[in-house]
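Working notes, beginning with the structure itself.
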Amino acid sequence: MTTPPPALTGVGLARSFGAHHAVVHADIALHPGRITGLVGPNGAGKTTLLLMLAGLLAPDRGVIATGDGVADPQVMRSRIGWMPDVFGTWESLTPREILVAFGRLNGADRATADQRARDLLAQVHLVEFTDHPASGLSRGQKQRLGLARALVNHPRILLLDEPASGMDPRSRIELRGQLRAVADAGAAVLVSSHILGELEEMVDDVVMMTGGRTRPPAASTTPRWRVRLVNQPPDQAVVIELADDAAAAAYLAHYVAQGTPVAEFTRLGNGLEQAYLDLDADRT
Ligand SMILES: Nc1ncnc2c1ncn2[C@@H]1O[C@H](COP(=O)(O)OP(=O)(O)OP(=O)(O)O)[C@@H](O)[C@H]1O
């Protein structure tokens, strides 16, 4: 089976602001159908990298291209959905008017743009606010409108900077489902977040960034399970790595069929937190 080419690659990217090197060297590849997490401490250069990938900030060095070789920022922008960390709405317009305006800017006729706006407002659960001024939306609701806006043009590449900030727990859970649905439909998704537990649940791949450089994860990011048998003290429980939920189910079924008295079988996540702490170990 051949792996499809990445939907978007950035190679050797660098960007400075005056004398400050925000991104020193970043390499990244985003694959169709996969969600990639971008993780790193404050000031690591994540937003600067995302802005370059979104075609909104020119790199000083390096190349950004789509899988089929397009490097023209304008063509690339038409394929990209971008959700900034702070979504500035036109406060006097309604969510429907905002989404229709973006649809029209992306070349849709009025009827198509209007239908797309209604579909997206249903998807992000903002139907009741359809025709109210955006000034009345809470921060979390504005984030959800920001997600809808990023999806207006059916993007093949979706880039999101801290999308969950300000969202309530239900909206965060729904966001995970929405991003997975977008990836399952074939898009490549890149999401930056400081909420590592949440990223663990959401992402297929991780890119770590610190000091303006992308780095391979310092530790394993394979999912881990904690296994404890009946009468086994908690501090003697075993932690095992298994490729995915299907492998975990097979593992558990095997031991239960053998009569092994399993008392606890808990998914621990994929070690992203430890990998992050290793990455940020130099922080004082
Ligand atoms: N427009 C700008 N002008 C000057 N310096 C900037 C500008 N944008 C970013 N920087 C600096 O570049 C560095 C990287 O910033 P960036 O916002 O990309 O980091 P980040 O990883 O997204 O941080 P955070 O997690 O806090 O959002 C920071 O030191 C920041 O102060």
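Each chain in the structure tokens gets a letter, A, B, ..., in the order shown, and its residues are numbered from 1; ligands are numbered from 1 in order too.
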Using only C-alpha atoms, what does the table of region 20-96 of chain A residues within 8 Å of region 178-187 of chain A look like, with each row giving the shortest atom pair and its distance in Å to one decimal, sorted by chain and ascending number, as JSON lines?
{"residue": "A:His31", "atom": "CA", "partner": "A:Ala187", "partner_atom": "CA", "distance": 7.9}
{"residue": "A:Pro32", "atom": "CA", "partner": "A:Ala187", "partner_atom": "CA", "distance": 5.0}
{"residue": "A:Gly33", "atom": "CA", "partner": "A:Ala183", "partner_atom": "CA", "distance": 4.3}
{"residue": "A:Arg34", "atom": "CA", "partner": "A:Ala183", "partner_atom": "CA", "distance": 5.7}
{"residue": "A:Ile35", "atom": "CA", "partner": "A:Ala183", "partner_atom": "CA", "distance": 6.6}
Which residues, written as a PyMOL selection string, have at least one atom at most 8 Å from Trp90 (chain A), with only C-alpha atoms counted and residues fewer than 5 positions away on the same chain left out? chain A and resi 98+134-135
Okay, now the selection with C-alpha atoms, as a PDB file, in the first residue's frame?
ATOM      1  CA  ILE A  98     -20.324  36.602   8.742  1.00  0.00           C
ATOM      2  CA  ALA A 134     -22.126  38.478  17.108  1.00  0.00           C
ATOM      3  CA  SER A 135     -21.421  40.961  19.913  1.00  0.00           C
TER       4      SER A 135
END
Could you give me the residues within 10 Å of ligand 1, counting only C-alpha atoms and all ligand atoms, as a VMD selection string? chain A and resid 15 to 23 38 to 51 57 85 161 to 162 192 to 194 209 to 212
Just want the 12 Å neighbourhood of Val127 (chain A), counted on only C-alpha atoms, with same-chain residues fewer than 3 positions away dropped. Output as a CSV table (one decimal) with C-alpha atoms, in the first residue's frame.
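File produced: around12.csv:
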chain,number,residue,atom,x,y,z
A,94,THR,CA,-24.8,38.1,12.7
A,95,PRO,CA,-23.1,34.7,12.6
A,96,ARG,CA,-25.0,33.9,9.4
A,117,ALA,CA,-23.7,29.1,6.6
A,118,ARG,CA,-26.9,27.3,7.9
A,119,ASP,CA,-25.2,23.9,7.8
A,120,LEU,CA,-22.2,25.1,9.7
A,121,LEU,CA,-24.1,26.9,12.3
A,122,ALA,CA,-26.0,23.7,13.0
A,123,GLN,CA,-22.7,21.8,13.1
A,124,VAL,CA,-21.2,24.1,15.7
A,130,THR,CA,-28.1,32.7,13.6
A,131,ASP,CA,-29.6,36.1,13.3
A,132,HIS,CA,-28.4,37.9,16.5
A,141,GLN,CA,-19.4,30.6,21.2
A,144,ARG,CA,-17.2,27.9,17.7
A,145,LEU,CA,-18.1,30.5,15.1
A,148,ALA,CA,-17.4,27.3,11.3
So which residues of region 67-272 of chain A fall under alpha helix (DSSP H) by DSSP, listed as a count of residues only? 82
Hey, which of A:Gln143, A:Asn153, A:Asp205, A:Gly177 ends up closest to Thr36 (chain A)? Count only C-alpha atoms. A:Asp205
Have a look at A:Thr66, A:Ala54, A:Ala275, A:Val152 and name the one nearest to Ala101 (chain A); count only C-alpha atoms.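 For Ala101 (chain A), the nearest of the candidates is A:Val152.
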Would you mind telling me which residue in A:Met202, A:Leu99, A:Pro6, A:Arg149 lies nearest to Ile173 (chain A) when using only C-alpha atoms?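 Of all the options, A:Met202 lies closest to Ile173 (chain A).
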Here is a test: counting only C-alpha atoms, which residue of A:Leu229, A:Ile80, A:Ile28, A:Leu13 is nearest to Met52 (chain A)?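 Closest to Met52 (chain A), using only C-alpha atoms: A:Leu13.
Comparing A:Thr260, A:Asn106, A:Ser165, A:Gln232 by their smallest distance to Ile195 (chain A), the closest is A:Ser165 (using only C-alpha atoms).
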Have a look at A:Gly103, A:Pro234, A:Gly140, A:Pro5 and name the one nearest to Ser78 (chain A); count only C-alpha atoms.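 Closest residue, counting only C-alpha atoms: A:Gly103.
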Enumerate as a list in words all residues of region 34-131 of chain A assigned to strand (DSSP E) by DSSP on the backbone, naming them with the chain letters and numbers the document uses.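 Going through region 34-131 of chain A, the strand (DSSP E) residues come out as Ile35, Thr36, Gly37, Leu38, Val39, Arg61, Gly62, Val63, Ile64, Ala65, Thr66, Ile80, Gly81, Trp82 and Met83 of chain A.
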Skipping near chain neighbours, those fewer than 4 positions away, what residues fall within 8 Å of Arg77 (chain A) using only C-alpha atoms, listed as a VMD selection string? chain A and resid 54 to 55 73 81
Excluding Leu196 (chain A) and its own-chain neighbours fewer than 6 positions away, which residues fall within 9 Å of it when counting only C-alpha atoms? Please give them as a list in words.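 Final neighbour list, sorted by chain and number: Val39, Leu272, Glu273 and Tyr276 of chain A.
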Go ahead and write the residues just picked, C-alpha atoms, as a short mmCIF file (atom, residue, chain, number, x, y, z; two decimals), in the first residue's frame.
data_model
loop_
_atom_site.label_atom_id
_atom_site.label_comp_id
_atom_site.auth_asym_id
_atom_site.auth_seq_id
_atom_site.Cartn_x
_atom_site.Cartn_y
_atom_site.Cartn_z
CA VAL A 39 2.93 21.29 21.07
CA LEU A 272 2.56 13.16 25.53
CA GLU A 273 2.79 14.91 28.90
CA TYR A 276 6.42 17.67 26.69
#
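Pairwise distance (CA of Met167 (chain A), CA of Ala113 (chain A)) equals 26.1 Å.
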